[in-house]
Amino acid sequence: MQSKFFHEKLLKAMHRGESVPFFESRTWSHPEVPEDLARLRREAPLVHCITNGVVTNFTANVLLALGASPAMVETIEEVADFVRIAQVLLINVGTITTRDAEAMFEAAAAARETDTPWVLDPVAFGALEFRSRIVRELIAFRPAVIRGNASEILALGGETGGAKGVDATVSSTEAVQAAVALAAGSGAVVALSGEIDYITDGSSVIPVPGGHEMMTKVTGMGCTLGALIAALLPVTGSAFRAATAASAIYAEAGERAGRDARGTGSFAVSFLDQLSTIGTEAAP
Amino acid sequence: MQSKFFHEKLLKAMHRGESVPFFESRTWSHPEVPEDLARLRREAPLVHCITNGVVTNFTANVLLALGASPAMVETIEEVADFVRIAQVLLINVGTITTRDAEAMFEAAAAARETDTPWVLDPVAFGALEFRSRIVRELIAFRPAVIRGNASEILALGGETGGAKGVDATVSSTEAVQAAVALAAGSGAVVALSGEIDYITDGSSVIPVPGGHEMMTKVTGMGCTLGALIAALLPVTGSAFRAATAASAIYAEAGERAGRDARGTGSFAVSFLDQLSTIGTEAAP
Amino acid sequence: MQSKFFHEKLLKAMHRGESVPFFESRTWSHPEVPEDLARLRREAPLVHCITNGVVTNFTANVLLALGASPAMVETIEEVADFVRIAQVLLINVGTITTRDAEAMFEAAAAARETDTPWVLDPVAFGALEFRSRIVRELIAFRPAVIRGNASEILALGGETGGAKGVDATVSSTEAVQAAVALAAGSGAVVALSGEIDYITDGSSVIPVPGGHEMMTKVTGMGCTLGALIAALLPVTGSAFRAATAASAIYAEAGERAGRDARGTGSFAVSFLDQLSTIGTEAAP
């Protein structure tokens, strides 16, 4: 358990007066989150998604529920044009092929050229050679945020995460140091997902606890969190704030959904219900 | 607001005794719709879907709920064979690639050759050059119905719709004239989706109001409406009737689903529930 | 109706003391099923899925609900590597392309080489020439289980099933003899799905009744049953036991889901809820 260490580090950062957002034990306590949510619904940013085939439908529904405008434009003939239209780009390598990789490089290059912020989700990095090489090359195009689970972040941060597939086999707390190293080395904010989410820019680390264990039993919870981070990038103008707000929203919606779910099916439905109403309720 | 103009036009058409189906303010008032629904469940037409990856699952579930028999056969090696087996074809360009386009041309040519009716859904036409060119070429294969939102129909009808992605940025009422022009020019019935749906064959225009605002927050509502129009084509034998009945069914199911939905997740579930029971209830 | 014949055959097999699992009229009566379910949750096998685009999301959610660890790794650059990591492989040809077929052959060859058990789902075999040829070639790589509906199994067993698409047009009972012939000829256990599921290794036949008619109105019920059979293969170590347990679990979960479903949408949600809780309840 490294949480004590990081909690201390966090307290030190706060003592130095660093103006990073902070969520104490309860995710909803941060006053900026409702503000970010309201702006997301008002501005409805167009989110260009190049994501894996397993989660395209769920990703679109998550973004629509939160008021964003998703568009899945994935073919090499169109991605560069669409980067110029959209406010932000998501690249998720979950079911990547050689042809997808070409489109991703094209999109990432266009994003770099047009200063369009983008999020990289390195699904199963470290478990498979082919995608790992592509992810390394994509990072050179400087994503604003890299979102991954502990296995992926450990492998990206230079350690072996014991990845056996797409699911993390170690706890997020064990991967915080790798996340800090990855953020420092890549220049991206790293959003490390797990029982506790950790957001880091390489100097500060923000833990975001909360959520519900059923989130690990519904496919695409991590992938769609990456999409929400993307949606919040143009709205907040800050990679750190977008990533922390996204984790806080997911933690809260997950807890709410867990209250009346009778299993993983109704949990996923209720999770979308929560996302579509969260932040629109009157303040208590 | 052009609705007054179109309402007058509609009344004039009716005065001329044109035998187009008509839905007054309440979609369910048209007596042919329950009849079409019953025939759909009885005949279970095989609907050949070449659609986008975001909505394949939802499309299949919508068609199954209504008693049709969906089949997603999308590869160039099989589409021409399958057009010969299926009763009707749907082509939706939502996530089109060059290879998909080849399969679509093959399928559309086979449909033309075998007199199989087909529906074209020109997702994001006008926003992206690549797909816009393909859609123009597909229209030459004479779809029975073109279904789109206001941005797409405006762009297809010759005006710029200010499309920013896959979502319409103008109201359907503003695109009715473009829909009429497109129908007259292409020979297809045009089904224009929005807060009010409009169906036109180039001379008459039928408004179908109703539905629920959450329909804009669930991905694939427009795409699956196109699939339902396709399913109704062989059943009704009329492109106009199929498109109006489909819009009426969607409007009614959307209103019913909206009554007990707690958010967009449960709305989508309830929408499928409504589709799977609509028209099977005893007449009031 | 051949059920009497097969019931007699089954009784004879039992009289010979053959140790095949057996489900009488009620699927849940077999004591090994709860045991297999518990082991599935405990061991969480990594299931390598190469399946069709319509059902990837549902397949992942079904496997996660039951405690397995799904991974959709489908590209030719990665499949052979991933077969070496995963415990079991599923190949479903539902939306197959030439490029997919190459990846499937690569995966099947790697499975053979590494003695990794695998399940073949020959969606729409017999209806389309292209996939039928590929399925024949895949069978040469010796799947542990072939799962299909009556039309597919009839066609594979040498008879014409009158397949019109992906849905069976004949009852499963009419295809039992073809299933037995296919199992005897291929060396695979054949899992024949329908109103009654039949599992056969070419000598014995196990009928698994139960389920709910709404299972035919939700896409992917057959495909995900194939995925569950795959997940149970490494857990049970027996193709016969895996296939019968999977059918029993589906029959039971379907019946439970049917009790409170208001239509096909809530049925699918409740089905996932049932899968995520089945076998974890205290014994009565």
# chains A, B, ... in the order shown; residues from 1 in each chain; ligands from 1
>>> interface_residues(of="chain A", to="chain C", cutoff="8 Å", atoms="only C-alpha atoms", output="PyMOL selection string")
chain A and resi 53-55+95-98+128-130+164-167+217-219+262-266+269
>>> select_by_dssp(residues="region 170-277 of chain B", states="helix (DSSP H, G or I)", output="PyMOL selection string")
chain B and resi 172-186+213-217+221-236+239-260+264-277
>>> residues_around(residues="region 225-237 of chain B", least_positions_apart="2", cutoff="8 Å", atoms="only C-alpha atoms", output="count of residues only")
33
>>> atom_distance(atom1="CA of Glu213 (chain C)", atom2="CA of Tyr198 (chain C)")
16.8 Å
>>> residues_around(residues="Val176 (chain C)", least_positions_apart="2", cutoff="10 Å", atoms="only C-alpha atoms", output="NGL selection string")
:C and (2-3 or 6 or 150 or 153-154 or 157 or 171-174 or 178-182 or 190-192 or 197-200 or 205 or 207)
>>> residues_around(residues="Ala140 (chain B)", least_positions_apart="4", cutoff="9 Å", atoms="only C-alpha atoms", output="list in words")
Val135, Arg136 and Ser186 of chain B
>>> atom_distance(atom1="CA of Ala183 (chain B)", atom2="CA of Gly202 (chain B)")
4.6 Å
>>> select_by_dssp(residues="region 53-211 of chain B", states="strand (DSSP E)", output="JSON, numbers by chain")
{"B": [69, 70, 71, 72, 88, 89, 90, 91, 92, 118, 119, 120, 121, 145, 146, 147, 148, 149, 189, 190, 191, 192, 193, 197, 198, 199, 200, 205, 206, 207, 208]}
>>> write_last_selection(atoms="C-alpha atoms", output="short mmCIF file (atom, residue, chain, number, x, y, z; two decimals), in the first residue's frame")
data_model
loop_
_atom_site.label_atom_id
_atom_site.label_comp_id
_atom_site.auth_asym_id
_atom_site.auth_seq_id
_atom_site.Cartn_x
_atom_site.Cartn_y
_atom_site.Cartn_z
CA SER B 69 -35.59 -10.69 -39.13
CA PRO B 70 -32.38 -8.64 -39.31
CA ALA B 71 -29.14 -9.84 -40.85
CA MET B 72 -25.94 -7.82 -40.88
CA VAL B 88 -35.12 -5.44 -48.46
CA LEU B 89 -31.77 -3.68 -48.03
CA LEU B 90 -30.59 -0.89 -45.74
CA ILE B 91 -27.39 1.05 -46.48
CA ASN B 92 -26.17 3.42 -43.76
CA TRP B 118 -33.63 -0.28 -50.40
CA VAL B 119 -33.19 2.57 -47.95
CA LEU B 120 -30.25 4.97 -47.89
CA ASP B 121 -29.16 6.69 -44.67
CA VAL B 145 -36.28 6.00 -49.37
CA ILE B 146 -33.59 8.43 -48.23
CA ARG B 147 -33.72 9.06 -44.47
CA GLY B 148 -31.72 11.83 -42.87
CA ASN B 149 -31.70 14.69 -40.38
CA VAL B 189 -39.30 9.27 -50.84
CA VAL B 190 -37.43 11.44 -48.38
CA ALA B 191 -37.88 10.85 -44.64
CA LEU B 192 -36.62 13.92 -42.81
CA SER B 193 -36.15 13.33 -39.08
CA ASP B 197 -40.57 14.19 -38.97
CA TYR B 198 -41.55 15.05 -42.53
CA ILE B 199 -42.14 12.49 -45.25
CA THR B 200 -42.29 13.64 -48.86
CA VAL B 205 -45.47 16.41 -47.46
CA ILE B 206 -46.62 14.56 -44.35
CA PRO B 207 -45.59 15.90 -40.95
CA VAL B 208 -45.30 13.33 -38.16
#
>>> atom_distance(atom1="CA of Ala144 (chain A)", atom2="CA of Val83 (chain A)")
14.9 Å
